[in-house]
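Written out below as structure tokens is the structure these notes cover.
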Amino acid sequence: MSELRHPIGTFDVLTPDSRRWETLVGVFARVVEGAGYGLVLTPTFEDLSVFQRVGASTDIVRKEMYDFEDKGGRRIALRPEMTASVVRAYIQHRPTTPWKAWYVGSNFRYESPQAGRYREFHQVGIEAFGAVDADLDVEVIALGWEFYRALGLRRIQLLVNSLGDATCRPPYRALLLEYLEGRRDDLCDEHRERFADNPLRILDCKRPTCHAVAAEAPKQVEHLCDGCATHFARTTGGLDSLGIPWTLATDLVRGLDYYTRTTFEYAGLALQSAQNAVGGGGRYDGLVEEMGGPATPGIGFALGVERILMACDAEGTLPSPPATVDVFVVDFAGGSAARDLTAQLRSAGIRADRAFDGRSPKAQFKSADRSGARLALVVGPDEEAAGTVVVRPMAGDRQQRPVERHRVVAEVSRLLAP
């Protein structure tokens with residue numbers, strides 16, 4: 001029988017590396033909850049139509065989505081991105097606006113695995129519904145920027161663009177189509193025959209032929225209506241006021257069809273790859289209505305956990321936290337003391353662990369060293385008879401002393417205090 005392994009394009013995360021994931025999510029929650037965003041949890045799978053409505057012409061929906069028929073005959077899809085699920089939840093439950101939500105979860109896309117790109121990947125993100133104010137765009141972008149700074153990342157580039165709206169995008173689309181028709185023979189094989197389906201995707205194509213065509217194409221930001229131009233100026237002016245550096249990226253269109261007006265992306269400059277995006281998002285003022293809900297503006301972003309951790313590695317930040325417990329109980333007097341002491345310590349909020357199966361004192365001390373505990377509590381036959389516990393620091397001079405059993409929790413709390 002062959003060895004069982006995780007599926008291609010997926011991975012396992014074990015301790016101590018998993019502690020970095022905990023830290024990352026904890027930092028993100030602290031940053032966004034400080035701005036009024038609350039956690040939302042949505043299903044890992046949705047009715048297929050949820051995602052077909054938001055990106056039917058994109059490769060994400062056409063080629064990469066995992067979809068299947070369940071045992072009840074329903075067409076189901078594993079979510080390829082989070083925004084559509086959050087919008088569906090908003091439409092279903094109608095929370096009071098402005099509604100600010102944050103999330104963390106897995107997404108699934110069937111694509112060729114490579115560094116930083118997997119078939120199951122994880123994101124943290126936020127969505128805000130109910131306001132067209134450009135200052136909300138500034139808040140959302142700034143929260144992503146603050147999160148990266150809180151992780152210690154310094155080599156992050158913010159790219160910003162505007163995709164216009166229902167007023168100025170149609171005439172720009174016609175202008176772009178006219179230009180692309182004249183350059184049809186210069187496009188890559190994939191886009192040569194179907195660029196009319198979604199001409200904006202040419203601007204995002206990474207193949208050299210399309211990239212050269214896109215470089216000379218008309219730019220949406222140069223053909224904005226007055227409302228979009230004012231909105232974009234207010235957004236970029238707000239970033240300037242907050243001291244957040246940004247770069248105009250006229251070819252930034254993002255990967256889904258629903259974005260309007262402000263779009264943005266965070267690039268990890270320390271990553272040695274063309275695929276250096278560590279997150280991005282934008283405004284989607286027509287999406288809720290398109291999915292069957294009331295006309296409700298929205299904006300948000302999604303940040304890739306795997307890519308962020310790669311950027312942290314490249315910049316030498318966010319190492320794995322060294323300790324998992326505060327105290328390790330070494331008991332070679334039968335195990336009852338370890339059982340009772342760890343329970344007492346945990347009830348007092350002190351992280352504690354122990355060994356099992358009657359292991360030797362030497363083996364237990366090795367386990368104590370590996371645990372990262374600051375203190376060892378040692379109970380042998382003599383201590384058991386005397387009703388004491390030896391408190392032994394795991395670092396420094398390791399000067400140990402006996403403490404009466406009923407005073408152990410208080411003494412440990414004192415020694416662990418900052």
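Order determines the names: the first chain of the structure tokens is A, the second B, and so forth; residues in each chain are numbered 1 upward, and ligands are numbered 1 upward as they are shown.
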* To do: For A:Cys205, list every protein, DNA or RNA residue within 12 Å, evaluated using only C-alpha atoms, and leave out those in the same chain fewer than 4 positions away; present the list as a list of chain:residue names.
  =>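 Neighbouring residues, sequence-local ones excluded: A:Asp59, A:Leu187, A:Cys188, A:Asp189, A:Glu190, A:His191, A:Arg192, A:Phe195, A:Asn198, A:Pro199, A:Leu200, A:Arg201, A:Thr209, A:Cys210, A:His211, A:Ala212, A:Val213, A:Ala214, A:Ala215, A:Asp251, A:Leu252, A:Val253, A:Arg254, A:Gly255.
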Just-selected residues, C-alpha atoms written as a CSV table (one decimal), in the first residue's frame:
chain,number,residue,atom,x,y,z
A,59,ASP,CA,-10.5,32.0,-15.5
A,187,LEU,CA,-2.1,39.2,-28.5
A,188,CYS,CA,-1.3,35.9,-27.0
A,189,ASP,CA,-3.1,32.8,-28.3
A,190,GLU,CA,-5.5,32.7,-25.4
A,191,HIS,CA,-6.7,36.3,-25.7
A,192,ARG,CA,-6.5,36.7,-29.5
A,195,PHE,CA,-10.5,39.4,-25.8
A,198,ASN,CA,-13.5,40.9,-21.1
A,199,PRO,CA,-11.0,43.3,-22.6
A,200,LEU,CA,-9.8,44.4,-19.2
A,201,ARG,CA,-8.2,41.0,-18.7
A,209,THR,CA,3.0,39.8,-26.1
A,210,CYS,CA,-0.1,41.0,-24.2
A,211,HIS,CA,2.0,42.9,-21.8
A,212,ALA,CA,3.5,44.9,-24.7
A,213,VAL,CA,0.0,45.6,-26.1
A,214,ALA,CA,-1.3,46.7,-22.7
A,215,ALA,CA,1.6,49.1,-22.2
A,251,ASP,CA,-2.8,48.1,-15.6
A,252,LEU,CA,-4.1,47.0,-12.2
A,253,VAL,CA,-7.6,45.4,-12.9
A,254,ARG,CA,-7.6,42.6,-10.3
A,255,GLY,CA,-8.9,39.1,-11.1
Skipping near chain neighbours, those fewer than 4 positions away, what residues fall within 10 Å of A:Thr167 using only C-alpha atoms, listed as a list in words? Pro171, Tyr172, Leu224, Cys225, Asp226, Gly227 and Cys228 of chain A
Could you write those residues out with N, CA and C atoms, as an mmCIF file, in the first residue's frame?
data_model
loop_
_atom_site.group_PDB
_atom_site.id
_atom_site.type_symbol
_atom_site.label_atom_id
_atom_site.label_comp_id
_atom_site.auth_asym_id
_atom_site.auth_seq_id
_atom_site.Cartn_x
_atom_site.Cartn_y
_atom_site.Cartn_z
ATOM 1 N N PRO A 171 -17.899 53.596 -22.171
ATOM 2 C CA PRO A 171 -17.179 54.245 -23.278
ATOM 3 C C PRO A 171 -15.691 53.893 -23.294
ATOM 4 N N TYR A 172 -15.099 53.695 -22.118
ATOM 5 C CA TYR A 172 -13.696 53.275 -22.097
ATOM 6 C C TYR A 172 -13.560 51.869 -22.660
ATOM 7 N N LEU A 224 -11.859 58.901 -16.786
ATOM 8 C CA LEU A 224 -12.849 58.835 -15.715
ATOM 9 C C LEU A 224 -13.883 59.935 -15.855
ATOM 10 N N CYS A 225 -15.119 59.640 -15.473
ATOM 11 C CA CYS A 225 -16.134 60.687 -15.385
ATOM 12 C C CYS A 225 -15.824 61.585 -14.192
ATOM 13 N N ASP A 226 -16.527 62.695 -14.069
ATOM 14 C CA ASP A 226 -16.234 63.649 -12.996
ATOM 15 C C ASP A 226 -16.386 63.009 -11.615
ATOM 16 N N GLY A 227 -17.439 62.173 -11.437
ATOM 17 C CA GLY A 227 -17.652 61.556 -10.137
ATOM 18 C C GLY A 227 -16.524 60.620 -9.751
ATOM 19 N N CYS A 228 -16.076 59.809 -10.697
ATOM 20 C CA CYS A 228 -14.994 58.864 -10.412
ATOM 21 C C CYS A 228 -13.666 59.584 -10.221
#
So which residues touch A:Gln123 within 6 Å, counting only C-alpha atoms, skipping near sequence neighbours fewer than 6 positions away, as a ChimeraX atom specification?
/A:104-105,303-305
Requested in this report: For stretch 306-315 of chain A, please output as a PyMOL selection string all residues within 10 Å (counting only C-alpha atoms; exclusion window: fewer than 3 positions along the same chain).
Outcome: chain A and resi 20-21+24+115-118+121-123+148+151-156+267-272+275-279+303+318-319
Go ahead and write the residues just picked, N, CA and C atoms, as a PDB file, in the first residue's frame.
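To be explicit, this is the file written out as out.pdb:
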ATOM      1  N   ARG A  20       3.036  30.627  13.964  1.00  0.00           N
ATOM      2  CA  ARG A  20       3.126  31.854  13.166  1.00  0.00           C
ATOM      3  C   ARG A  20       1.760  32.192  12.572  1.00  0.00           C
ATOM      4  N   TRP A  21       1.031  31.169  12.145  1.00  0.00           N
ATOM      5  CA  TRP A  21      -0.317  31.395  11.616  1.00  0.00           C
ATOM      6  C   TRP A  21      -1.217  31.986  12.692  1.00  0.00           C
ATOM      7  N   LEU A  24      -0.234  35.605  13.143  1.00  0.00           N
ATOM      8  CA  LEU A  24      -0.679  36.429  12.024  1.00  0.00           C
ATOM      9  C   LEU A  24      -2.161  36.757  12.130  1.00  0.00           C
ATOM     10  N   ALA A 115       5.477  28.117  -6.125  1.00  0.00           N
ATOM     11  CA  ALA A 115       5.800  28.826  -4.880  1.00  0.00           C
ATOM     12  C   ALA A 115       4.782  29.932  -4.627  1.00  0.00           C
ATOM     13  N   GLY A 116       4.114  29.853  -3.473  1.00  0.00           N
ATOM     14  CA  GLY A 116       3.146  30.876  -3.108  1.00  0.00           C
ATOM     15  C   GLY A 116       1.793  30.729  -3.764  1.00  0.00           C
ATOM     16  N   ARG A 117       1.587  29.664  -4.553  1.00  0.00           N
ATOM     17  CA  ARG A 117       0.298  29.454  -5.208  1.00  0.00           C
ATOM     18  C   ARG A 117      -0.096  27.992  -5.012  1.00  0.00           C
ATOM     19  N   TYR A 118      -1.250  27.779  -4.384  1.00  0.00           N
ATOM     20  CA  TYR A 118      -1.678  26.435  -4.031  1.00  0.00           C
ATOM     21  C   TYR A 118      -3.121  26.215  -4.469  1.00  0.00           C
ATOM     22  N   PHE A 121      -5.695  27.547  -0.477  1.00  0.00           N
ATOM     23  CA  PHE A 121      -4.921  28.638   0.085  1.00  0.00           C
ATOM     24  C   PHE A 121      -5.792  29.394   1.090  1.00  0.00           C
ATOM     25  N   HIS A 122      -5.157  30.216   1.880  1.00  0.00           N
ATOM     26  CA  HIS A 122      -5.842  30.833   3.011  1.00  0.00           C
ATOM     27  C   HIS A 122      -5.751  32.357   2.913  1.00  0.00           C
ATOM     28  N   GLN A 123      -6.809  33.002   3.346  1.00  0.00           N
ATOM     29  CA  GLN A 123      -6.858  34.459   3.298  1.00  0.00           C
ATOM     30  C   GLN A 123      -7.428  35.030   4.593  1.00  0.00           C
ATOM     31  N   TYR A 148       0.396  45.018   7.707  1.00  0.00           N
ATOM     32  CA  TYR A 148       1.736  44.627   7.260  1.00  0.00           C
ATOM     33  C   TYR A 148       2.806  45.251   8.145  1.00  0.00           C
ATOM     34  N   LEU A 151       3.230  43.423  11.361  1.00  0.00           N
ATOM     35  CA  LEU A 151       3.979  42.172  11.232  1.00  0.00           C
ATOM     36  C   LEU A 151       5.479  42.411  11.076  1.00  0.00           C
ATOM     37  N   GLY A 152       5.870  43.672  10.958  1.00  0.00           N
ATOM     38  CA  GLY A 152       7.279  43.989  10.777  1.00  0.00           C
ATOM     39  C   GLY A 152       7.711  44.087   9.334  1.00  0.00           C
ATOM     40  N   LEU A 153       6.748  43.998   8.394  1.00  0.00           N
ATOM     41  CA  LEU A 153       7.088  44.087   6.975  1.00  0.00           C
ATOM     42  C   LEU A 153       7.311  45.545   6.575  1.00  0.00           C
ATOM     43  N   ARG A 154       8.398  45.794   5.879  1.00  0.00           N
ATOM     44  CA  ARG A 154       8.744  47.153   5.453  1.00  0.00           C
ATOM     45  C   ARG A 154       8.852  47.282   3.941  1.00  0.00           C
ATOM     46  N   ARG A 155       9.023  46.171   3.249  1.00  0.00           N
ATOM     47  CA  ARG A 155       9.184  46.230   1.797  1.00  0.00           C
ATOM     48  C   ARG A 155       7.867  45.869   1.097  1.00  0.00           C
ATOM     49  N   ILE A 156       6.852  46.652   1.398  1.00  0.00           N
ATOM     50  CA  ILE A 156       5.538  46.476   0.787  1.00  0.00           C
ATOM     51  C   ILE A 156       5.259  47.693  -0.087  1.00  0.00           C
ATOM     52  N   ALA A 267       2.174  44.668  -2.951  1.00  0.00           N
ATOM     53  CA  ALA A 267       3.215  43.800  -3.510  1.00  0.00           C
ATOM     54  C   ALA A 267       4.345  43.650  -2.503  1.00  0.00           C
ATOM     55  N   GLY A 268       4.801  42.407  -2.322  1.00  0.00           N
ATOM     56  CA  GLY A 268       5.930  42.144  -1.439  1.00  0.00           C
ATOM     57  C   GLY A 268       7.225  42.217  -2.226  1.00  0.00           C
ATOM     58  N   LEU A 269       7.928  43.329  -2.113  1.00  0.00           N
ATOM     59  CA  LEU A 269       9.117  43.549  -2.931  1.00  0.00           C
ATOM     60  C   LEU A 269      10.264  42.627  -2.543  1.00  0.00           C
ATOM     61  N   ALA A 270      10.211  42.028  -1.360  1.00  0.00           N
ATOM     62  CA  ALA A 270      11.273  41.108  -0.945  1.00  0.00           C
ATOM     63  C   ALA A 270      11.125  39.732  -1.575  1.00  0.00           C
ATOM     64  N   LEU A 271       9.979  39.456  -2.193  1.00  0.00           N
ATOM     65  CA  LEU A 271       9.758  38.154  -2.821  1.00  0.00           C
ATOM     66  C   LEU A 271      10.429  38.113  -4.184  1.00  0.00           C
ATOM     67  N   GLN A 272      11.236  37.101  -4.405  1.00  0.00           N
ATOM     68  CA  GLN A 272      11.977  36.972  -5.660  1.00  0.00           C
ATOM     69  C   GLN A 272      11.118  36.235  -6.685  1.00  0.00           C
ATOM     70  N   GLN A 275       5.250  36.721  -9.203  1.00  0.00           N
ATOM     71  CA  GLN A 275       4.013  36.586  -8.435  1.00  0.00           C
ATOM     72  C   GLN A 275       4.266  37.082  -7.004  1.00  0.00           C
ATOM     73  N   ASN A 276       4.353  38.406  -6.841  1.00  0.00           N
ATOM     74  CA  ASN A 276       4.719  38.942  -5.537  1.00  0.00           C
ATOM     75  C   ASN A 276       3.567  39.648  -4.832  1.00  0.00           C
ATOM     76  N   ALA A 277       2.341  39.505  -5.357  1.00  0.00           N
ATOM     77  CA  ALA A 277       1.197  40.118  -4.687  1.00  0.00           C
ATOM     78  C   ALA A 277       0.933  39.408  -3.364  1.00  0.00           C
ATOM     79  N   VAL A 278       0.818  40.168  -2.291  1.00  0.00           N
ATOM     80  CA  VAL A 278       0.505  39.594  -0.986  1.00  0.00           C
ATOM     81  C   VAL A 278      -0.902  39.964  -0.530  1.00  0.00           C
ATOM     82  N   GLY A 279      -1.650  40.631  -1.395  1.00  0.00           N
ATOM     83  CA  GLY A 279      -3.030  40.978  -1.073  1.00  0.00           C
ATOM     84  C   GLY A 279      -3.530  42.065  -1.988  1.00  0.00           C
ATOM     85  N   LEU A 303      -6.135  39.178   1.776  1.00  0.00           N
ATOM     86  CA  LEU A 303      -4.684  39.089   1.895  1.00  0.00           C
ATOM     87  C   LEU A 303      -4.295  37.618   2.015  1.00  0.00           C
ATOM     88  N   LEU A 318       8.589  37.955  11.958  1.00  0.00           N
ATOM     89  CA  LEU A 318       7.589  36.989  12.421  1.00  0.00           C
ATOM     90  C   LEU A 318       8.167  35.586  12.564  1.00  0.00           C
ATOM     91  N   PRO A 319       9.182  35.403  13.409  1.00  0.00           N
ATOM     92  CA  PRO A 319       9.663  34.039  13.671  1.00  0.00           C
ATOM     93  C   PRO A 319       8.640  33.266  14.486  1.00  0.00           C
TER      94      PRO A 319
END
Could you write out, as a PyMOL selection string, all the residues of stretch 57-119 of chain A that DSSP marks as strand (DSSP E or B)?
-> chain A and resi 67-69+75-78+99-108+114+117
Save the residues we just selected, C-alpha atoms, as a PDB file, in the first residue's frame?
ATOM      1  CA  ASP A  67     -17.616  22.392  -8.529  1.00  0.00           C
ATOM      2  CA  PHE A  68     -19.642  19.204  -8.237  1.00  0.00           C
ATOM      3  CA  GLU A  69     -23.116  17.774  -7.794  1.00  0.00           C
ATOM      4  CA  ARG A  75     -24.641  22.114  -7.975  1.00  0.00           C
ATOM      5  CA  ILE A  76     -22.090  23.077  -5.337  1.00  0.00           C
ATOM      6  CA  ALA A  77     -18.714  24.869  -5.535  1.00  0.00           C
ATOM      7  CA  LEU A  78     -15.863  25.162  -3.094  1.00  0.00           C
ATOM      8  CA  TRP A  99     -21.637  46.698   8.114  1.00  0.00           C
ATOM      9  CA  LYS A 100     -17.961  45.979   8.678  1.00  0.00           C
ATOM     10  CA  ALA A 101     -16.843  42.357   8.633  1.00  0.00           C
ATOM     11  CA  TRP A 102     -13.539  40.498   8.724  1.00  0.00           C
ATOM     12  CA  TYR A 103     -12.829  36.866   7.898  1.00  0.00           C
ATOM     13  CA  VAL A 104     -10.211  34.146   7.798  1.00  0.00           C
ATOM     14  CA  GLY A 105     -10.562  30.942   5.814  1.00  0.00           C
ATOM     15  CA  SER A 106      -9.595  28.545   3.044  1.00  0.00           C
ATOM     16  CA  ASN A 107     -10.221  29.012  -0.668  1.00  0.00           C
ATOM     17  CA  PHE A 108      -9.820  26.519  -3.509  1.00  0.00           C
ATOM     18  CA  GLN A 114       4.061  26.808  -7.567  1.00  0.00           C
ATOM     19  CA  ARG A 117       0.298  29.454  -5.208  1.00  0.00           C
TER      20      ARG A 117
END
| request: Name all residues at most 10 Å from A:Ala166 (count only C-alpha atoms; drop same-chain ones fewer than 3 positions away) and give them as number ranges by chain. | output: A: 163, 169-171, 225, 260-261, 285-286
Please save C-alpha atoms of the selected residues as an mmCIF file, in the first residue's frame.
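Written out: selection-v8.cif:
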data_model
loop_
_atom_site.group_PDB
_atom_site.id
_atom_site.type_symbol
_atom_site.label_atom_id
_atom_site.label_comp_id
_atom_site.auth_asym_id
_atom_site.auth_seq_id
_atom_site.Cartn_x
_atom_site.Cartn_y
_atom_site.Cartn_z
ATOM 1 C CA LEU A 163 -11.619 51.225 -12.908
ATOM 2 C CA ARG A 169 -16.443 52.328 -18.012
ATOM 3 C CA PRO A 170 -18.682 51.513 -21.047
ATOM 4 C CA PRO A 171 -17.179 54.245 -23.278
ATOM 5 C CA CYS A 225 -16.134 60.687 -15.385
ATOM 6 C CA THR A 260 -15.531 49.452 -9.693
ATOM 7 C CA ARG A 261 -13.663 52.658 -8.993
ATOM 8 C CA ASP A 285 -20.605 49.125 -5.613
ATOM 9 C CA GLY A 286 -22.848 47.071 -7.929
#
Option closest in space to A:Phe301, from A:Gly281, A:Gly316, A:Gly372, A:Gly237 [counting only C-alpha atoms]: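 For A:Phe301, the nearest of the given residues is A:Gly281.
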>> At a cut-off of 12 Å, using only C-alpha atoms, what residues contact A:Glu290? Leave out same-chain residues fewer than 6 positions from it and give the result as a list in words.
In response: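 In the requested form, the answer reads Ser49, Val50, Phe51, Gln52, Arg53, Val54, Gly55, Ala84, Val87, Arg88, Ile91, Asp257, Tyr258, Tyr284, Thr296 and Pro297 of chain A.
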Report task. Give me the residues within 12 Å of A:Ser371 as a list in words, counting only C-alpha atoms and dropping any in the same chain fewer than 6 places off. Result ->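 Neighbouring residues, sequence-local ones excluded: Thr15, Pro16, Pro321, Pro322, Ala323, Thr324, Val325, Asp326, Val327, Phe328, Val329, Arg351, Ala352, Asp353, Arg354, Ala355, Gln364, Phe365 and Met394 of chain A.
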Note to self: Using Å and a single decimal, report how far atom CA of A:Ala134 sits from atom CA of A:Tyr37.
What the structure shows: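 Interatomic distance here is 17.8 Å.
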Could you pull out the alpha helix (DSSP H) residues of stretch 16-89 of chain A from DSSP and send them as a ChimeraX atom specification?
/A:17-33,48-55,59,83-89
Those residues you just picked out, can you put them in a file as an mmCIF file, in the first residue's frame with N, CA and C atoms?
data_model
loop_
_atom_site.group_PDB
_atom_site.id
_atom_site.type_symbol
_atom_site.label_atom_id
_atom_site.label_comp_id
_atom_site.auth_asym_id
_atom_site.auth_seq_id
_atom_site.Cartn_x
_atom_site.Cartn_y
_atom_site.Cartn_z
ATOM 1 N N ASP A 17 5.586 25.938 13.258
ATOM 2 C CA ASP A 17 5.229 26.898 12.225
ATOM 3 C C ASP A 17 3.777 27.347 12.355
ATOM 4 N N SER A 18 2.923 26.467 12.854
ATOM 5 C CA SER A 18 1.516 26.834 12.992
ATOM 6 C C SER A 18 1.325 27.991 13.966
ATOM 7 N N ARG A 19 2.285 28.160 14.889
ATOM 8 C CA ARG A 19 2.175 29.295 15.817
ATOM 9 C C ARG A 19 2.296 30.619 15.078
ATOM 10 N N ARG A 20 3.036 30.627 13.964
ATOM 11 C CA ARG A 20 3.126 31.854 13.166
ATOM 12 C C ARG A 20 1.760 32.192 12.572
ATOM 13 N N TRP A 21 1.031 31.169 12.145
ATOM 14 C CA TRP A 21 -0.317 31.395 11.616
ATOM 15 C C TRP A 21 -1.217 31.986 12.692
ATOM 16 N N GLU A 22 -1.130 31.426 13.899
ATOM 17 C CA GLU A 22 -1.919 31.966 15.007
ATOM 18 C C GLU A 22 -1.575 33.426 15.254
ATOM 19 N N THR A 23 -0.283 33.728 15.252
ATOM 20 C CA THR A 23 0.154 35.099 15.494
ATOM 21 C C THR A 23 -0.353 36.024 14.399
ATOM 22 N N LEU A 24 -0.234 35.605 13.143
ATOM 23 C CA LEU A 24 -0.679 36.429 12.024
ATOM 24 C C LEU A 24 -2.161 36.757 12.130
ATOM 25 N N VAL A 25 -2.974 35.739 12.375
ATOM 26 C CA VAL A 25 -4.416 35.975 12.480
ATOM 27 C C VAL A 25 -4.728 36.847 13.689
ATOM 28 N N GLY A 26 -4.002 36.633 14.794
ATOM 29 C CA GLY A 26 -4.230 37.459 15.981
ATOM 30 C C GLY A 26 -3.893 38.918 15.743
ATOM 31 N N VAL A 27 -2.796 39.184 15.048
ATOM 32 C CA VAL A 27 -2.421 40.566 14.725
ATOM 33 C C VAL A 27 -3.471 41.192 13.814
ATOM 34 N N PHE A 28 -3.917 40.429 12.815
ATOM 35 C CA PHE A 28 -4.930 40.957 11.892
ATOM 36 C C PHE A 28 -6.211 41.304 12.641
ATOM 37 N N ALA A 29 -6.669 40.396 13.498
ATOM 38 C CA ALA A 29 -7.894 40.653 14.261
ATOM 39 C C ALA A 29 -7.747 41.914 15.113
ATOM 40 N N ARG A 30 -6.602 42.070 15.751
ATOM 41 C CA ARG A 30 -6.388 43.259 16.596
ATOM 42 C C ARG A 30 -6.463 44.537 15.774
ATOM 43 N N VAL A 31 -5.835 44.529 14.599
ATOM 44 C CA VAL A 31 -5.808 45.730 13.767
ATOM 45 C C VAL A 31 -7.201 46.099 13.279
ATOM 46 N N VAL A 32 -7.937 45.130 12.708
ATOM 47 C CA VAL A 32 -9.216 45.481 12.088
ATOM 48 C C VAL A 32 -10.338 45.624 13.105
ATOM 49 N N GLU A 33 -10.291 44.856 14.196
ATOM 50 C CA GLU A 33 -11.332 45.027 15.214
ATOM 51 C C GLU A 33 -11.194 46.378 15.894
ATOM 52 N N LEU A 48 -23.374 26.892 -6.621
ATOM 53 C CA LEU A 48 -22.519 27.290 -7.726
ATOM 54 C C LEU A 48 -22.857 28.675 -8.258
ATOM 55 N N SER A 49 -24.135 29.036 -8.242
ATOM 56 C CA SER A 49 -24.566 30.314 -8.813
ATOM 57 C C SER A 49 -23.981 31.514 -8.080
ATOM 58 N N VAL A 50 -23.620 31.337 -6.801
ATOM 59 C CA VAL A 50 -23.030 32.447 -6.044
ATOM 60 C C VAL A 50 -21.789 32.971 -6.749
ATOM 61 N N PHE A 51 -20.965 32.066 -7.246
ATOM 62 C CA PHE A 51 -19.710 32.474 -7.876
ATOM 63 C C PHE A 51 -19.875 32.722 -9.369
ATOM 64 N N GLN A 52 -20.833 32.062 -9.993
ATOM 65 C CA GLN A 52 -21.062 32.328 -11.411
ATOM 66 C C GLN A 52 -21.542 33.747 -11.636
ATOM 67 N N ARG A 53 -22.243 34.298 -10.664
ATOM 68 C CA ARG A 53 -22.770 35.655 -10.824
ATOM 69 C C ARG A 53 -21.688 36.726 -10.741
ATOM 70 N N VAL A 54 -20.573 36.408 -10.108
ATOM 71 C CA VAL A 54 -19.579 37.457 -9.872
ATOM 72 C C VAL A 54 -18.371 37.380 -10.786
ATOM 73 N N GLY A 55 -18.250 36.312 -11.581
ATOM 74 C CA GLY A 55 -17.054 36.238 -12.410
ATOM 75 C C GLY A 55 -17.158 35.222 -13.520
ATOM 76 N N ASP A 59 -11.110 33.340 -15.553
ATOM 77 C CA ASP A 59 -10.535 31.998 -15.482
ATOM 78 C C ASP A 59 -10.843 31.346 -14.140
ATOM 79 N N THR A 83 -15.175 37.150 -1.047
ATOM 80 C CA THR A 83 -16.100 38.275 -1.115
ATOM 81 C C THR A 83 -17.509 37.832 -1.489
ATOM 82 N N ALA A 84 -17.632 36.960 -2.488
ATOM 83 C CA ALA A 84 -18.965 36.528 -2.916
ATOM 84 C C ALA A 84 -19.733 35.871 -1.781
ATOM 85 N N SER A 85 -19.052 35.061 -0.969
ATOM 86 C CA SER A 85 -19.722 34.412 0.160
ATOM 87 C C SER A 85 -20.185 35.434 1.192
ATOM 88 N N VAL A 86 -19.356 36.439 1.456
ATOM 89 C CA VAL A 86 -19.731 37.464 2.435
ATOM 90 C C VAL A 86 -20.901 38.292 1.903
ATOM 91 N N VAL A 87 -20.885 38.598 0.611
ATOM 92 C CA VAL A 87 -22.006 39.325 0.010
ATOM 93 C C VAL A 87 -23.282 38.496 0.105
ATOM 94 N N ARG A 88 -23.187 37.194 -0.194
ATOM 95 C CA ARG A 88 -24.362 36.329 -0.059
ATOM 96 C C ARG A 88 -24.897 36.355 1.369
ATOM 97 N N ALA A 89 -23.996 36.317 2.364
ATOM 98 C CA ALA A 89 -24.417 36.371 3.770
ATOM 99 C C ALA A 89 -25.086 37.707 4.083
#
Taken to one decimal, the atom CA of A:Thr235-atom CA of A:Ala274 distance is 27.3 Å
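Of the listed residues A:Pro393, A:Gly334, A:Gly9, A:Pro113, the one whose atoms come nearest to A:Val379 is A:Gly334, with distances taken using only C-alpha atoms.
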One residue among A:Thr42, A:Thr262, A:Ser347, A:Thr317 is nearest to A:Ala150 when using only C-alpha atoms, and that residue is A:Thr317
Using only C-alpha atoms, the shortest atom-to-atom distance to A:Leu341 among A:Ser320, A:Ser360, A:Ser367, A:Thr388 belongs to A:Thr388
Counting only C-alpha atoms, closest pick from A:Arg119, A:Arg149, A:Arg79, A:Arg74 relative to A:Glu46 is A:Arg79
- Query: What separation in Å, quoted to one decimal, exists between atom CA of A:Ala343 and atom CA of A:Arg405?
  - Reply: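 Between atom CA of A:Ala343 and atom CA of A:Arg405 the gap works out to 13.4 Å.
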Nearest to A:Ala410, restricted to only C-alpha atoms and choosing among A:Ser112, A:Gln344, A:Ser241, A:Thr10, comes out as A:Gln344
